[in-house]
2 protein chains.
Amino acid sequence: MAPPLGLVAGGGRMPLRVADAAAKAGRPLFCVLLDGFADPAEYRTYPHEVVALGRIGHMVGLMRARGIRDLVLAGRVTRPSLLGFRFDAEGVRLVAKLGRAALFGGDDRLLSAVLRVMREEGFRPLGAQEVLDDLLVAEGVLGAHAPDADARADIARGIAVARALGTADVGQGCVVQQGLVLGVEAIEGTDALLARCGTLRREGPGGVLVKLVKPRQDVRADLPVIGPDTVRNAAGAGLAGIAIEARAGHAGTLVVDRAETIAAADAAGLFLIAIRPDLFSTSEGAS
Amino acid sequence: MAPPLGLVAGGGRMPLRVADAAAKAGRPLFCVLLDGFADPAEYRTYPHEVVALGRIGHMVGLMRARGIRDLVLAGRVTRPSLLGFRFDAEGVRLVAKLGRAALFGGDDRLLSAVLRVMREEGFRPLGAQEVLDDLLVAEGVLGAHAPDADARADIARGIAVARALGTADVGQGCVVQQGLVLGVEAIEGTDALLARCGTLRREGPGGVLVKLVKPRQDVRADLPVIGPDTVRNAAGAGLAGIAIEARAGHAGTLVVDRAETIAAADAAGLFLIAIRPDLFSTSEGAS
């Protein structure tokens with residue numbers, strides 16, 4: 001029998017879907033649930049253990065004992081205070097190895113460094129999209145609604161903003177209405193961004209959530225994610241639609257529960273479009 | 001007698017201080033108060049008229065009738081929906097002249113375009129800092145407290161983020177704690193940014209508001225501003241201090257009511273430092 005797939009699970013639906021997919025494919029699985037992020041009740045049918053974020057030595061030990069090699073890190077994890085990490089001995093060793101630059105740089109650098117160390121420890125990190133093959137979407141309009149010319153202009157502005165933010169390794173999202181950047185996402189998350197922009201938006205139509213991959217993002221962790229809740233929150237904020245990044249190799253914006261996400265967009269009258277930022281054109285004829 | 005100074009006043013203390021300074025210098029003054037932004041009660045001792053934002057023809061007429069040539073645009077104005085502008089005929093003509101790019105580009109492009117048109121109309125736009133000579137500050141620590149090494153590292157990260165944001169012509173501020181970007185300012189304003197970051201900050205010390213000039217910012221309008229309220233809100237959010245941009249020519253972060261601002265920082269235990277972003281060093285010895 002193949003060794004189990006290791007899943008290090010943060011919050012949200014994504015890691016649960018990874019577990020479901022592994023189970024459906026008949027692949028054995030072991031889940032490390034990050035304390036405070038993944039809900040053990042949701043994983044009760046899968047072998048799992050709850051582990052605090054800083055207990056890296058314990059995580060590595062649990063996975064080694066099961067012969068795990070393939071490893072997926074998935075789900076939302078907000079980096080706590082360094083004081084909040086409560087590292088174990090192995091954790092301290094790894095932190096020393098990662099160095100101050102990784103810890104105090106952007107979140108990308110931290111994740112890339114963690115993945116690099118995991119590789120050095122003999123694991124093979126995979127992206128959730130390598131296990132769940134329908135997370136990435138092809139370029140084009142999803143669902144029943146398409147962006148109009150104003151929305152396409154807002155998307156173009158959002159691409160420029162997201163790219164600038166990504167260069168500085170900040171968030172992956174922004175909201176643009178009538179050319180005006182209503183909000184930019186840092187660590188508050190997309191839901192909080194959308195709630196805020198609902199109160200900041202101007203009279204009149206429009207408003208687009210743009211959520212793209214950061215330029216140097218590691219595709220094995222922390223790709224941007226949307227799902228049915230994102231669509232409902234965007235509708236609640238009065239937006240006209242959502243633009244995400246289409247599949248490019250193993251990268252792109254991940255859509256969790258695609259059918260439900262598209263159905264929610266159709267029901268709310270929102271467009272949902274997967275774009276290639278470098279090739280995006282504001283003219284309506286283009287995809 | 002010299003023709004009056006024209007003041008187009010938005011919200012906040014800044015335009016009122018410009019009016020006070022002109023009065024103190026014995027210079028006649030006429031204030032156009034932007035409806036919904038400047039409070040007429042505060043300007044009752046100065047000749048003024050309240051005008052809606054889009055009634056540009058009326059503004060120009062009021063100023064021409066008084067022989068005004070020098071013109072200061074000061075104070076907070078959040079760009080409303082285009083539907084909210086209610087342009088008069090001259091306004092429509094100017095909008096046509098500005099073109100769609102200015103209206104739908106970043107806020108900087110709109111302001112620069114408005115100033116360019118004002119110059120073409122025969123006015124001479126001045127920055128508030130050209131009338132109030134103590135708004136810009138020299139490089140160095142203001143007040144009793146100085147940033148420590150951790151704060152200096154956060155300032156360096158904030159400089160990188162602010163520069164990336166500025167390139168995309170978004171906001172001027174961000175909050176960084178322990179290397180983590182807690183929040184980025186778009187149109188919600190610094191006070192809302194600080195309120196949000198107060199709930200997002202991690203355990204432990206630190207947290208810095210960094211507020212810098214955008215790379216291509218027009219120095220005659222919309223320079224970043226801090227004042228006593230900024231300091232109090234930063235203290236309320238649990239931050240350790242504020243970094244602003246020191247005077248460089250006519251540019252820099254404006255400090256309104258400097259003595260009161262420094263006193264508020266000293267009382268709250270916050271540092272306040274004016275930096276030169278290109279020359280900033282994280283080592284503690286440097287200024």
# chains A, B, ... in the order shown; residues from 1 in each chain; ligands from 1
>>> select_by_dssp(residues="range 8-241 of chain A", states="alpha helix (DSSP H)", output="PyMOL selection string")
chain A and resi 14-24+56-65+89-104+107-120+128-131+149-167+190-200+228-236
>>> residues_around(residues="Phe87 in chain B", least_positions_apart="4", cutoff="6 Å", atoms="only C-alpha atoms", output="PDB file with N, CA, C and O atoms, in the first residue's frame")
ATOM      1  N   GLY B  54     -19.009  69.342  -7.860  1.00  0.00           N
ATOM      2  CA  GLY B  54     -19.007  69.346  -9.321  1.00  0.00           C
ATOM      3  C   GLY B  54     -19.244  70.716  -9.945  1.00  0.00           C
ATOM      4  O   GLY B  54     -19.133  70.890 -11.157  1.00  0.00           O
ATOM      5  N   ARG B  55     -19.555  71.722  -9.106  1.00  0.00           N
ATOM      6  CA  ARG B  55     -19.920  73.041  -9.665  1.00  0.00           C
ATOM      7  C   ARG B  55     -18.664  73.877  -9.903  1.00  0.00           C
ATOM      8  O   ARG B  55     -18.466  74.964  -9.350  1.00  0.00           O
ATOM      9  N   GLY B  91     -18.119  72.503 -15.348  1.00  0.00           N
ATOM     10  CA  GLY B  91     -17.644  71.218 -14.831  1.00  0.00           C
ATOM     11  C   GLY B  91     -17.632  70.167 -15.910  1.00  0.00           C
ATOM     12  O   GLY B  91     -16.652  69.426 -16.067  1.00  0.00           O
ATOM     13  N   VAL B  92     -18.703  70.106 -16.674  1.00  0.00           N
ATOM     14  CA  VAL B  92     -18.795  69.122 -17.758  1.00  0.00           C
ATOM     15  C   VAL B  92     -17.701  69.385 -18.800  1.00  0.00           C
ATOM     16  O   VAL B  92     -17.037  68.471 -19.273  1.00  0.00           O
TER      17      VAL B  92
END
>>> atom_distance(atom1="CA of Ile155 in chain A", atom2="CA of Thr282 in chain A")
8.0 Å
>>> residues_around(residues="Arg119 in chain A", least_positions_apart="5", cutoff="12 Å", atoms="only C-alpha atoms", output="list in words")
Val60, Arg69, Asp70, Leu71, Ser112, Ala113, Val114, Arg124, Pro125, Leu126 and Arg220 of chain A
>>> write_last_selection(atoms="N, CA, C and O atoms", output="tab-separated table (two decimals), in the first residue's frame")
chain	number	residue	atom	x	y	z
A	60	VAL	N	6.57	16.73	12.39
A	60	VAL	CA	7.49	15.94	11.59
A	60	VAL	C	7.53	14.51	12.11
A	60	VAL	O	7.50	13.54	11.33
A	69	ARG	N	5.47	10.79	2.76
A	69	ARG	CA	6.42	11.53	1.93
A	69	ARG	C	5.70	12.70	1.25
A	69	ARG	O	6.15	13.83	1.30
A	70	ASP	N	4.54	12.41	0.64
A	70	ASP	CA	3.78	13.47	-0.02
A	70	ASP	C	3.00	14.27	1.02
A	70	ASP	O	2.31	13.70	1.87
A	71	LEU	N	3.09	15.58	0.90
A	71	LEU	CA	2.61	16.45	1.96
A	71	LEU	C	1.88	17.62	1.32
A	71	LEU	O	2.41	18.28	0.43
A	112	SER	N	7.69	29.89	1.77
A	112	SER	CA	8.69	29.30	0.89
A	112	SER	C	9.79	28.66	1.71
A	112	SER	O	10.27	27.57	1.38
A	113	ALA	N	10.18	29.33	2.78
A	113	ALA	CA	11.25	28.81	3.62
A	113	ALA	C	10.81	27.53	4.32
A	113	ALA	O	11.57	26.56	4.39
A	114	VAL	N	9.57	27.52	4.82
A	114	VAL	CA	9.05	26.31	5.48
A	114	VAL	C	9.04	25.15	4.48
A	114	VAL	O	9.46	24.04	4.79
A	124	ARG	N	7.89	15.65	0.29
A	124	ARG	CA	7.64	16.18	-1.04
A	124	ARG	C	6.37	17.02	-0.97
A	124	ARG	O	5.26	16.50	-1.03
A	125	PRO	N	6.50	18.34	-0.82
A	125	PRO	CA	5.30	19.19	-0.70
A	125	PRO	C	4.56	19.26	-2.04
A	125	PRO	O	5.17	19.44	-3.09
A	126	LEU	N	3.25	19.11	-1.97
A	126	LEU	CA	2.38	19.23	-3.14
A	126	LEU	C	1.41	20.38	-2.92
A	126	LEU	O	1.05	20.69	-1.78
A	220	ARG	N	2.90	25.73	-4.14
A	220	ARG	CA	2.57	24.62	-3.25
A	220	ARG	C	1.95	25.10	-1.93
A	220	ARG	O	1.65	24.30	-1.07
>>> atom_distance(atom1="CA of Arg276 in chain B", atom2="CA of Glu139 in chain B")
6.7 Å
>>> select_by_dssp(residues="range 153-285 of chain A", states="strand (DSSP E or B)", output="PyMOL selection string")
chain A and resi 173-177+180-184+208-211+225-226+241-245+248+251+254-255+271-275
>>> residues_around(residues="Leu136 in chain B", least_positions_apart="2", cutoff="9 Å", atoms="only C-alpha atoms", output="PDB file with all heavy atoms, in the first residue's frame")
ATOM      1  N   GLN B 129       1.699  73.734   2.144  1.00  0.00           N
ATOM      2  CA  GLN B 129       3.014  73.896   2.772  1.00  0.00           C
ATOM      3  C   GLN B 129       3.768  75.120   2.255  1.00  0.00           C
ATOM      4  O   GLN B 129       4.764  75.530   2.837  1.00  0.00           O
ATOM      5  CB  GLN B 129       3.848  72.615   2.604  1.00  0.00           C
ATOM      6  CG  GLN B 129       4.405  72.363   1.212  1.00  0.00           C
ATOM      7  CD  GLN B 129       3.374  71.780   0.230  1.00  0.00           C
ATOM      8  OE1 GLN B 129       2.194  71.731   0.519  1.00  0.00           O
ATOM      9  NE2 GLN B 129       3.834  71.380  -0.932  1.00  0.00           N
ATOM     10  N   LEU B 132       1.830  77.690   4.757  1.00  0.00           N
ATOM     11  CA  LEU B 132       2.116  77.381   6.168  1.00  0.00           C
ATOM     12  C   LEU B 132       3.514  76.791   6.240  1.00  0.00           C
ATOM     13  O   LEU B 132       3.724  75.632   5.894  1.00  0.00           O
ATOM     14  CB  LEU B 132       1.128  76.328   6.680  1.00  0.00           C
ATOM     15  CG  LEU B 132      -0.241  76.792   7.138  1.00  0.00           C
ATOM     16  CD1 LEU B 132      -1.159  75.598   7.340  1.00  0.00           C
ATOM     17  CD2 LEU B 132      -0.121  77.580   8.433  1.00  0.00           C
ATOM     18  N   ASP B 133       4.480  77.577   6.711  1.00  0.00           N
ATOM     19  CA  ASP B 133       5.858  77.117   6.541  1.00  0.00           C
ATOM     20  C   ASP B 133       6.318  76.079   7.570  1.00  0.00           C
ATOM     21  O   ASP B 133       7.431  75.595   7.489  1.00  0.00           O
ATOM     22  CB  ASP B 133       6.828  78.293   6.463  1.00  0.00           C
ATOM     23  CG  ASP B 133       6.742  79.167   7.693  1.00  0.00           C
ATOM     24  OD1 ASP B 133       6.135  78.710   8.682  1.00  0.00           O
ATOM     25  OD2 ASP B 133       7.268  80.281   7.662  1.00  0.00           O
ATOM     26  N   ASP B 134       5.457  75.710   8.531  1.00  0.00           N
ATOM     27  CA  ASP B 134       5.905  74.706   9.501  1.00  0.00           C
ATOM     28  C   ASP B 134       5.239  73.337   9.294  1.00  0.00           C
ATOM     29  O   ASP B 134       5.277  72.485  10.167  1.00  0.00           O
ATOM     30  CB  ASP B 134       5.663  75.182  10.934  1.00  0.00           C
ATOM     31  CG  ASP B 134       4.175  75.294  11.246  1.00  0.00           C
ATOM     32  OD1 ASP B 134       3.371  75.323  10.288  1.00  0.00           O
ATOM     33  OD2 ASP B 134       3.820  75.333  12.432  1.00  0.00           O
ATOM     34  N   ALA B 138      11.964  68.447   9.234  1.00  0.00           N
ATOM     35  CA  ALA B 138      13.293  67.941   8.867  1.00  0.00           C
ATOM     36  C   ALA B 138      13.446  66.505   9.344  1.00  0.00           C
ATOM     37  O   ALA B 138      12.756  66.056  10.259  1.00  0.00           O
ATOM     38  CB  ALA B 138      14.366  68.829   9.499  1.00  0.00           C
ATOM     39  N   GLU B 245       7.386  61.073   6.111  1.00  0.00           N
ATOM     40  CA  GLU B 245       8.457  61.460   5.187  1.00  0.00           C
ATOM     41  C   GLU B 245       8.929  62.886   5.487  1.00  0.00           C
ATOM     42  O   GLU B 245       8.134  63.824   5.546  1.00  0.00           O
ATOM     43  CB  GLU B 245       7.962  61.351   3.743  1.00  0.00           C
ATOM     44  CG  GLU B 245       9.060  61.627   2.733  1.00  0.00           C
ATOM     45  CD  GLU B 245       8.852  60.893   1.407  1.00  0.00           C
ATOM     46  OE1 GLU B 245       8.051  59.942   1.354  1.00  0.00           O
ATOM     47  OE2 GLU B 245       9.509  61.276   0.436  1.00  0.00           O
ATOM     48  N   ALA B 246      10.234  63.014   5.663  1.00  0.00           N
ATOM     49  CA  ALA B 246      10.831  64.322   5.950  1.00  0.00           C
ATOM     50  C   ALA B 246      10.748  65.233   4.719  1.00  0.00           C
ATOM     51  O   ALA B 246      10.569  64.771   3.592  1.00  0.00           O
ATOM     52  CB  ALA B 246      12.287  64.152   6.364  1.00  0.00           C
ATOM     53  N   ARG B 247      10.892  66.519   4.965  1.00  0.00           N
ATOM     54  CA  ARG B 247      10.868  67.504   3.891  1.00  0.00           C
ATOM     55  C   ARG B 247      11.886  67.162   2.800  1.00  0.00           C
ATOM     56  O   ARG B 247      13.049  66.870   3.087  1.00  0.00           O
ATOM     57  CB  ARG B 247      11.214  68.883   4.471  1.00  0.00           C
ATOM     58  CG  ARG B 247      11.352  69.990   3.420  1.00  0.00           C
ATOM     59  CD  ARG B 247      12.244  71.116   3.932  1.00  0.00           C
ATOM     60  NE  ARG B 247      11.693  71.750   5.120  1.00  0.00           N
ATOM     61  CZ  ARG B 247      10.861  72.796   5.090  1.00  0.00           C
ATOM     62  NH1 ARG B 247      10.510  73.324   3.942  1.00  0.00           N
ATOM     63  NH2 ARG B 247      10.407  73.312   6.213  1.00  0.00           N
ATOM     64  N   ALA B 248      11.430  67.219   1.564  1.00  0.00           N
ATOM     65  CA  ALA B 248      12.332  67.100   0.418  1.00  0.00           C
ATOM     66  C   ALA B 248      11.809  68.095  -0.603  1.00  0.00           C
ATOM     67  O   ALA B 248      10.811  67.845  -1.261  1.00  0.00           O
ATOM     68  CB  ALA B 248      12.333  65.683  -0.141  1.00  0.00           C
ATOM     69  N   HIS B 250       9.551  70.802  -1.829  1.00  0.00           N
ATOM     70  CA  HIS B 250       8.219  71.182  -1.360  1.00  0.00           C
ATOM     71  C   HIS B 250       7.394  69.967  -0.947  1.00  0.00           C
ATOM     72  O   HIS B 250       6.205  70.101  -0.683  1.00  0.00           O
ATOM     73  CB  HIS B 250       7.464  71.956  -2.452  1.00  0.00           C
ATOM     74  CG  HIS B 250       7.960  73.352  -2.631  1.00  0.00           C
ATOM     75  ND1 HIS B 250       7.946  74.280  -1.614  1.00  0.00           N
ATOM     76  CD2 HIS B 250       8.504  73.978  -3.699  1.00  0.00           C
ATOM     77  CE1 HIS B 250       8.449  75.419  -2.054  1.00  0.00           C
ATOM     78  NE2 HIS B 250       8.809  75.270  -3.319  1.00  0.00           N
ATOM     79  N   ALA B 251       8.006  68.794  -0.942  1.00  0.00           N
ATOM     80  CA  ALA B 251       7.251  67.580  -0.630  1.00  0.00           C
ATOM     81  C   ALA B 251       7.587  67.051   0.753  1.00  0.00           C
ATOM     82  O   ALA B 251       8.576  67.446   1.373  1.00  0.00           O
ATOM     83  CB  ALA B 251       7.522  66.506  -1.678  1.00  0.00           C
ATOM     84  N   GLY B 252       6.768  66.145   1.227  1.00  0.00           N
ATOM     85  CA  GLY B 252       6.944  65.524   2.533  1.00  0.00           C
ATOM     86  C   GLY B 252       5.578  65.287   3.147  1.00  0.00           C
ATOM     87  O   GLY B 252       4.564  65.741   2.619  1.00  0.00           O
ATOM     88  N   THR B 253       5.550  64.532   4.248  1.00  0.00           N
ATOM     89  CA  THR B 253       4.300  64.348   4.977  1.00  0.00           C
ATOM     90  C   THR B 253       4.018  65.628   5.769  1.00  0.00           C
ATOM     91  O   THR B 253       4.908  66.152   6.440  1.00  0.00           O
ATOM     92  CB  THR B 253       4.421  63.151   5.951  1.00  0.00           C
ATOM     93  OG1 THR B 253       4.818  61.995   5.213  1.00  0.00           O
ATOM     94  CG2 THR B 253       3.101  62.881   6.650  1.00  0.00           C
ATOM     95  N   LEU B 254       2.801  66.141   5.666  1.00  0.00           N
ATOM     96  CA  LEU B 254       2.454  67.367   6.373  1.00  0.00           C
ATOM     97  C   LEU B 254       2.030  67.046   7.808  1.00  0.00           C
ATOM     98  O   LEU B 254       1.264  66.115   8.041  1.00  0.00           O
ATOM     99  CB  LEU B 254       1.314  68.085   5.651  1.00  0.00           C
ATOM    100  CG  LEU B 254       1.515  68.347   4.150  1.00  0.00           C
ATOM    101  CD1 LEU B 254       0.294  69.067   3.562  1.00  0.00           C
ATOM    102  CD2 LEU B 254       2.784  69.150   3.898  1.00  0.00           C
ATOM    103  N   VAL B 255       2.547  67.824   8.748  1.00  0.00           N
ATOM    104  CA  VAL B 255       2.139  67.665  10.150  1.00  0.00           C
ATOM    105  C   VAL B 255       1.345  68.900  10.542  1.00  0.00           C
ATOM    106  O   VAL B 255       1.887  70.000  10.627  1.00  0.00           O
ATOM    107  CB  VAL B 255       3.352  67.500  11.085  1.00  0.00           C
ATOM    108  CG1 VAL B 255       2.882  67.310  12.530  1.00  0.00           C
ATOM    109  CG2 VAL B 255       4.207  66.312  10.646  1.00  0.00           C
TER     110      VAL B 255
END
>>> closest_residue(among="A:Arg44, A:Arg157, A:Arg13, A:Arg76", to="chain B", atoms="only C-alpha atoms")
A:Arg157
>>> residues_around(residues="Leu5 in chain B", least_positions_apart="6", cutoff="8 Å", atoms="only C-alpha atoms", output="VMD selection string")
chain B and resid 22 27 to 30 68 to 72
>>> atom_distance(atom1="CA of Gly10 in chain A", atom2="CA of Val32 in chain A")
9.0 Å
>>> closest_residue(among="B:Leu180, B:Ala52, B:Ala65, B:Leu73", to="Val18 in chain B", atoms="only C-alpha atoms")
B:Leu73
